[in-house]
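Okay, structure first, notes after.
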Amino acid sequence: MPANLPPQYYEAEKRLREAKTPEEKIEHLEEMIGIMPKHKGTDHLKADLRRKIAKFSEMSGKKAGGTRASLTIPKEGAAQIAIIGLPNAGKSQLVAKVTKATPTVADYPFTTTVATPGMMEHENVQIQLIDTPPLVVSSSVFWFSPILKRADVLLILIDLSTDPLGQMEAIISLLDGMRITLDKNRTQDENGRELVYKETIIVGNKIDLDPDGRNLKDLKEMYGERFPVVGIAAKAGTGIEEMKRAIYRLLDVIRIYTKRPGGKADMTEPVVLPRGSTLEDAAMEIHKDLLARLKFARIWGSGKHDGVMVGRDHILEEGDIIELHVPK
Ligand SMILES: Nc1nc2c(ncn2[C@@H]2O[C@H](COP(=O)(O)OP(=O)(O)OP(=O)(O)O)[C@@H](O)[C@H]2O)c(=O)[nH]1
Ligand SMILES: [Mg+2]
C-alpha cells in the first residue's frame, strides 16, 4: 500500500535535512510523524522515524527515561489535546478536575515543568488532555514545540482574572516563534518558513474572578468568530460540560459500534472516526489486518434497511452499528 504522504510531510523532511542539532532533528521527525496519515502503508516509515528519534535522543545526551517521557506522549482515545497558556492560568487545575491525572496545582507560577497526559470522558468518548508547562520564551525546552505540533487540537487557557486579550496576543506570538499558526490559510511566515496549522479552542478560566463577565465578553468579541470560546471555573467545576461539548463539536467525529453476528452491539466503547469515514476506514481503525480479511459487512443505521450488506466505500453516520464478517 502506498504511503500517500501530504506535501507538508515533504516540507518537514526538508527542514529535517537542514536541521543541525539533534534536538532540531527530533523536532522535525516528531513533526513528520504527526503529519503522516495513520494507515498500514505508513507503519514501516513510522517505525523508521521512531528509531531515528531514539538515535538523536541518545546523541543529544539525554538519557532514556526521565526526559523521554516528556518527549512524546503516545496518543490515546479519540483525540489528543494540548492545554497551553501563560503561568498560573489553571492548566494543571483543569487536567486535575476532568481527568484522573494528578498534576501539581499551586498558587505560584511555573509550577509545571513536564507534560502530563490524562483522559477526559465525554459521554462514551475518551479524549486525551495534556497538561503542559507555561508558555513563555525562557521555558521553551526542545520537546515543547513537538508536543504541540503533534497534538490534534490546542486548548488555549486564558486567566479571566486579568487582561485576556494581552494573554492571547502573547500566546499567539509565542506559537508563532515555534512556527505554529492558528490560521488555516497562513502556510508560511514573513521569512518564507513553513508553519504548522493547529485547530484551536479558547477556554477562559476563573470565571469566578470575572464577576461582571467583561473579560469573557472581550475574548468572545475578539476571537469568537474564528474559534469556539467558552468560560469555565476549573476549580469549582463550572462550565465543564459546555467546554466538553465545544471540544467534541470541534473534533467533528462520529461514533460507530460493532456487533458480532447474532450478538448485541457493545454501546459502551465506540469506534471514533472523522465525519465522512467509510466502512473501510472503520475496519482499518479496529485492526489493521481486518480490512484485507473482510468478506462482507452488515449495517444498522445508515443502510437502506437494518441489517443490509454494505460496500467498503459506504459512508458511515453517527451511531451506526456494523457487523464485520471475516472467514473463520
Ligand atoms: N479562583 C480560581 N482560581 C483558580 C481556578 N482554577 C485554578 N485556579 C488557581 O490558579 C492557580 C494556578 O493554578 P495551576 O493549575 O497550578 O496553574 P497552571 O496554569 O498549571 O500554572 P503553571 O504550571 O505555573 O503554568 C492555583 O492557585 C489554582 O488554585 C478557578 O477556576 N478559579
Ligand atoms: Mg501547571
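As shown in the C-alpha cells, the chain order sets the letters A, B, ...; within each chain, residues go from 1, and ligands are also counted from 1 in the order they appear.
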Could you list, as a list in words, all the residues within 9 Å of ligand 2, counting only C-alpha atoms and all ligand atoms?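 Taking only C-alpha atoms and all ligand atoms into account, the residues around ligand 2 at most 9 Å away are Pro87, Asn88, Ala89, Gly90, Lys91, Ser92, Gln93, Pro103, Thr104, Val105, Ala106, Pro109, Phe110, Thr111, Thr112, Thr113, Val114, Asp131, Thr132, Pro133 and Pro134 of chain A.
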Near stretch 274-290 of chain A, counting only C-alpha atoms, which residues have an atom at most 7 Å away, once you skip same-chain residues fewer than 4 positions from it, shown as a ChimeraX atom specification? /A:40,252-254,294,312-316
Please dump the current selection as a PDB file, in the first residue's frame; keep N, CA and C atoms.
```pdb
ATOM      1  N   LYS A  40      -1.899   1.406   7.245  1.00  0.00           N
ATOM      2  CA  LYS A  40      -0.957   0.304   7.067  1.00  0.00           C
ATOM      3  C   LYS A  40       0.277   0.730   6.265  1.00  0.00           C
ATOM      4  N   ASP A 252     -15.354  17.021  15.335  1.00  0.00           N
ATOM      5  CA  ASP A 252     -16.126  16.612  14.169  1.00  0.00           C
ATOM      6  C   ASP A 252     -15.972  15.123  13.866  1.00  0.00           C
ATOM      7  N   VAL A 253     -16.303  14.326  14.857  1.00  0.00           N
ATOM      8  CA  VAL A 253     -16.173  12.875  14.715  1.00  0.00           C
ATOM      9  C   VAL A 253     -17.544  12.198  14.802  1.00  0.00           C
ATOM     10  N   ILE A 254     -17.580  10.928  14.408  1.00  0.00           N
ATOM     11  CA  ILE A 254     -18.792  10.120  14.572  1.00  0.00           C
ATOM     12  C   ILE A 254     -18.437   8.881  15.386  1.00  0.00           C
ATOM     13  N   LEU A 294     -11.650  -8.844   5.381  1.00  0.00           N
ATOM     14  CA  LEU A 294     -13.096  -8.583   5.411  1.00  0.00           C
ATOM     15  C   LEU A 294     -13.830  -9.187   4.211  1.00  0.00           C
ATOM     16  N   ARG A 312     -17.484  -1.439   0.912  1.00  0.00           N
ATOM     17  CA  ARG A 312     -16.380  -0.824   1.656  1.00  0.00           C
ATOM     18  C   ARG A 312     -16.400   0.700   1.622  1.00  0.00           C
ATOM     19  N   ASP A 313     -16.992   1.243   0.547  1.00  0.00           N
ATOM     20  CA  ASP A 313     -16.967   2.704   0.424  1.00  0.00           C
ATOM     21  C   ASP A 313     -18.232   3.339   1.002  1.00  0.00           C
ATOM     22  N   HIS A 314     -19.043   2.557   1.693  1.00  0.00           N
ATOM     23  CA  HIS A 314     -20.255   3.107   2.315  1.00  0.00           C
ATOM     24  C   HIS A 314     -19.869   4.147   3.375  1.00  0.00           C
ATOM     25  N   ILE A 315     -20.449   5.327   3.285  1.00  0.00           N
ATOM     26  CA  ILE A 315     -20.124   6.383   4.251  1.00  0.00           C
ATOM     27  C   ILE A 315     -20.960   6.197   5.517  1.00  0.00           C
ATOM     28  N   LEU A 316     -20.251   6.107   6.631  1.00  0.00           N
ATOM     29  CA  LEU A 316     -20.906   5.825   7.910  1.00  0.00           C
ATOM     30  C   LEU A 316     -21.486   7.089   8.524  1.00  0.00           C
TER      31      LEU A 316
END
```
Closest atom pairs, stretch 102-199 of chain A residues within 9 Å of stretch 222-236 of chain A, only C-alpha atoms, as a tab-separated table:
```
residue	atom	partner	partner_atom	distance
A:Leu160	CA	A:Gly231	CA	8.5
A:Leu165	CA	A:Met222	CA	8.0
A:Asp183	CA	A:Arg226	CA	8.8
A:Glu199	CA	A:Phe227	CA	8.6
```
Could you turn the residues from that selection into a file that holds N, CA and C atoms, as an mmCIF file, in the first residue's frame?
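The new file part.cif reads:
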```cif
data_model
loop_
_atom_site.group_PDB
_atom_site.id
_atom_site.type_symbol
_atom_site.label_atom_id
_atom_site.label_comp_id
_atom_site.auth_asym_id
_atom_site.auth_seq_id
_atom_site.Cartn_x
_atom_site.Cartn_y
_atom_site.Cartn_z
ATOM 1 N N LEU A 160 -9.112 34.552 33.276
ATOM 2 C CA LEU A 160 -10.079 35.649 33.127
ATOM 3 C C LEU A 160 -9.994 36.694 34.238
ATOM 4 N N LEU A 165 -7.031 39.726 26.504
ATOM 5 C CA LEU A 165 -6.559 39.957 25.139
ATOM 6 C C LEU A 165 -5.037 40.016 25.087
ATOM 7 N N ASP A 183 -4.130 30.020 11.995
ATOM 8 C CA ASP A 183 -4.833 30.486 10.806
ATOM 9 C C ASP A 183 -4.602 29.488 9.671
ATOM 10 N N GLU A 199 -5.743 23.324 14.915
ATOM 11 C CA GLU A 199 -7.110 23.665 15.283
ATOM 12 C C GLU A 199 -7.125 24.069 16.750
#
```
As a PyMOL selection string, please: all residues of stretch 165-303 of chain A that backbone DSSP puts in alpha helix (DSSP H). chain A and resi 165-177+214-223+240-251+279-286+290-293
The selected residues should be written to file as a compact mmCIF listing (two decimals), in the first residue's frame (atoms: N, CA and C atoms).
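Once everything was written out, this is selection-v1.txt:
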```txt
# COMPACT_ATOMS: atom_id res chain seq x y z
N LEU A 165 -7.03 39.73 26.50
CA LEU A 165 -6.56 39.96 25.14
C LEU A 165 -5.04 40.02 25.09
N GLY A 166 -4.44 40.58 26.15
CA GLY A 166 -2.98 40.61 26.23
C GLY A 166 -2.41 39.19 26.27
N GLN A 167 -3.08 38.32 27.03
CA GLN A 167 -2.61 36.92 27.10
C GLN A 167 -2.70 36.25 25.73
N MET A 168 -3.81 36.48 25.05
CA MET A 168 -3.98 35.86 23.72
C MET A 168 -2.88 36.33 22.78
N GLU A 169 -2.60 37.64 22.80
CA GLU A 169 -1.56 38.16 21.90
C GLU A 169 -0.21 37.53 22.21
N ALA A 170 0.10 37.43 23.51
CA ALA A 170 1.38 36.84 23.90
C ALA A 170 1.47 35.39 23.44
N ILE A 171 0.37 34.66 23.61
CA ILE A 171 0.38 33.24 23.24
C ILE A 171 0.53 33.06 21.74
N ILE A 172 -0.21 33.87 20.97
CA ILE A 172 -0.13 33.75 19.52
C ILE A 172 1.30 34.06 19.05
N SER A 173 1.92 35.03 19.68
CA SER A 173 3.27 35.37 19.25
C SER A 173 4.29 34.29 19.66
N LEU A 174 4.08 33.68 20.82
CA LEU A 174 4.97 32.57 21.23
C LEU A 174 4.79 31.35 20.32
N LEU A 175 3.54 31.11 19.91
CA LEU A 175 3.30 29.99 18.99
C LEU A 175 3.97 30.27 17.65
N ASP A 176 3.88 31.52 17.25
CA ASP A 176 4.50 31.94 16.01
C ASP A 176 6.00 31.63 16.02
N GLY A 177 6.62 31.88 17.16
CA GLY A 177 8.03 31.58 17.33
C GLY A 177 8.34 30.09 17.19
N ARG A 214 -16.98 40.78 31.96
CA ARG A 214 -16.36 41.69 31.00
C ARG A 214 -15.22 41.03 30.20
N ASN A 215 -14.36 40.30 30.91
CA ASN A 215 -13.20 39.71 30.25
C ASN A 215 -13.57 38.58 29.28
N LEU A 216 -14.56 37.78 29.69
CA LEU A 216 -15.01 36.71 28.78
C LEU A 216 -15.67 37.33 27.55
N LYS A 217 -16.40 38.44 27.77
CA LYS A 217 -17.07 39.12 26.66
C LYS A 217 -16.03 39.65 25.67
N ASP A 218 -14.95 40.25 26.22
CA ASP A 218 -13.87 40.75 25.35
C ASP A 218 -13.29 39.63 24.49
N LEU A 219 -13.05 38.49 25.14
CA LEU A 219 -12.48 37.34 24.41
C LEU A 219 -13.41 36.90 23.27
N LYS A 220 -14.70 36.80 23.61
CA LYS A 220 -15.67 36.34 22.61
C LYS A 220 -15.78 37.34 21.47
N GLU A 221 -15.77 38.63 21.82
CA GLU A 221 -15.90 39.64 20.76
C GLU A 221 -14.70 39.61 19.82
N MET A 222 -13.53 39.41 20.39
CA MET A 222 -12.30 39.47 19.59
C MET A 222 -12.05 38.18 18.82
N TYR A 223 -12.35 37.05 19.43
CA TYR A 223 -11.95 35.77 18.82
C TYR A 223 -13.10 34.82 18.50
N ILE A 240 -17.87 23.07 32.81
CA ILE A 240 -17.08 21.97 32.26
C ILE A 240 -17.85 21.20 31.17
N GLU A 241 -19.16 20.99 31.41
CA GLU A 241 -19.94 20.25 30.41
C GLU A 241 -19.98 21.00 29.09
N GLU A 242 -20.17 22.32 29.17
CA GLU A 242 -20.22 23.12 27.95
C GLU A 242 -18.87 23.06 27.23
N MET A 243 -17.79 23.11 28.01
CA MET A 243 -16.46 23.01 27.41
C MET A 243 -16.27 21.68 26.70
N LYS A 244 -16.71 20.59 27.34
CA LYS A 244 -16.58 19.26 26.72
C LYS A 244 -17.35 19.20 25.41
N ARG A 245 -18.57 19.75 25.43
CA ARG A 245 -19.38 19.72 24.20
C ARG A 245 -18.71 20.52 23.10
N ALA A 246 -18.13 21.67 23.45
CA ALA A 246 -17.47 22.51 22.44
C ALA A 246 -16.25 21.78 21.86
N ILE A 247 -15.51 21.08 22.72
CA ILE A 247 -14.35 20.32 22.24
C ILE A 247 -14.82 19.21 21.31
N TYR A 248 -15.87 18.51 21.74
CA TYR A 248 -16.38 17.40 20.94
C TYR A 248 -16.86 17.87 19.56
N ARG A 249 -17.56 18.99 19.54
CA ARG A 249 -18.04 19.54 18.26
C ARG A 249 -16.86 19.85 17.34
N LEU A 250 -15.81 20.41 17.93
CA LEU A 250 -14.64 20.79 17.15
C LEU A 250 -13.98 19.57 16.51
N LEU A 251 -14.00 18.45 17.22
CA LEU A 251 -13.34 17.24 16.70
C LEU A 251 -14.03 16.72 15.45
N LEU A 279 -16.82 2.51 5.66
CA LEU A 279 -16.73 1.19 6.31
C LEU A 279 -15.26 0.73 6.32
N GLU A 280 -14.58 0.98 5.21
CA GLU A 280 -13.17 0.61 5.08
C GLU A 280 -12.34 1.30 6.17
N ASP A 281 -12.59 2.56 6.40
CA ASP A 281 -11.85 3.30 7.44
C ASP A 281 -12.11 2.69 8.81
N ALA A 282 -13.37 2.30 9.05
CA ALA A 282 -13.72 1.72 10.35
C ALA A 282 -12.98 0.41 10.56
N ALA A 283 -12.96 -0.45 9.51
CA ALA A 283 -12.29 -1.75 9.61
C ALA A 283 -10.81 -1.53 9.92
N MET A 284 -10.21 -0.56 9.24
CA MET A 284 -8.79 -0.25 9.43
C MET A 284 -8.51 0.21 10.85
N GLU A 285 -9.43 1.02 11.39
CA GLU A 285 -9.25 1.56 12.73
C GLU A 285 -9.36 0.44 13.79
N ILE A 286 -10.25 -0.51 13.54
CA ILE A 286 -10.46 -1.59 14.51
C ILE A 286 -9.22 -2.48 14.57
N LEU A 290 -7.66 -6.26 9.50
CA LEU A 290 -9.06 -6.64 9.32
C LEU A 290 -9.54 -6.35 7.89
N LEU A 291 -9.08 -5.25 7.34
CA LEU A 291 -9.59 -4.83 6.04
C LEU A 291 -9.31 -5.90 4.98
N ALA A 292 -8.09 -6.43 4.97
CA ALA A 292 -7.71 -7.42 3.96
C ALA A 292 -8.57 -8.68 4.10
N ARG A 293 -8.96 -8.99 5.34
CA ARG A 293 -9.70 -10.24 5.58
C ARG A 293 -11.21 -10.08 5.45
```
Nearest to ligand 1: which of A:Glu269, A:Glu31, A:Asp210, A:Glu23 is it, counting only C-alpha atoms and all ligand atoms?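 With only C-alpha atoms and all ligand atoms as the atom set, the closest residue is A:Asp210.
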Selection: 9 Å around A:Leu324, only C-alpha atoms, excl. self and same-chain fewer than 4 positions, as an NGL selection string: :A and (258-261 or 283 or 290 or 294-299)
Create the file for the chosen residues now, containing C-alpha atoms and written as a short mmCIF file (atom, residue, chain, number, x, y, z; two decimals), in the first residue's frame.
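Output (selection37.cif):
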```cif
data_model
loop_
_atom_site.label_atom_id
_atom_site.label_comp_id
_atom_site.auth_asym_id
_atom_site.auth_seq_id
_atom_site.Cartn_x
_atom_site.Cartn_y
_atom_site.Cartn_z
CA THR A 258 -19.65 -3.08 16.44
CA LYS A 259 -21.57 -6.28 16.96
CA ARG A 260 -20.91 -9.96 16.39
CA PRO A 261 -23.25 -11.95 14.16
CA ALA A 283 -12.29 -1.75 9.61
CA LEU A 290 -9.06 -6.64 9.32
CA LEU A 294 -13.10 -8.58 5.41
CA LYS A 295 -15.60 -10.63 3.38
CA PHE A 296 -18.69 -8.53 3.89
CA ALA A 297 -20.40 -6.28 6.40
CA ARG A 298 -23.92 -5.59 7.54
CA ILE A 299 -25.10 -2.29 8.89
#
```
Can you check which residues of stretch 130-226 of chain A DSSP gives as strand (DSSP E) on the backbone and send them as a ChimeraX atom specification? /A:130-131,153-159,180-181,196-197,199-205
Of the residues A:Gly239, A:Gly213, A:Pro7, A:Gly118, which is the one nearest to ligand 1, using only C-alpha atoms and all ligand atoms?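 Once distances to ligand 1 are computed over only C-alpha atoms and all ligand atoms, the minimum belongs to A:Gly239.
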Just checking: using only C-alpha atoms and all ligand atoms, which residue out of A:Val98, A:Ile156, A:Leu86, A:Met178 ends up closest to ligand 1?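 Between A:Val98, A:Ile156, A:Leu86, A:Met178, the residue approaching ligand 1 most closely is A:Leu86.
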Near A:Glu76, counting only C-alpha atoms, which residues have an atom at most 10 Å away, once you skip same-chain residues fewer than 2 positions from it, shown as a ChimeraX atom specification? /A:73-74,78-80,117-119,126-129
Residues within 12 Å of A:Arg50, please, as JSON, numbers by chain. Count only C-alpha atoms; anything in the same chain fewer than 2 positions from it doesn't count. {"A": [25, 26, 27, 28, 29, 30, 31, 32, 33, 34, 43, 44, 45, 46, 47, 48, 52, 53, 54, 55, 56, 57, 71, 72, 74]}
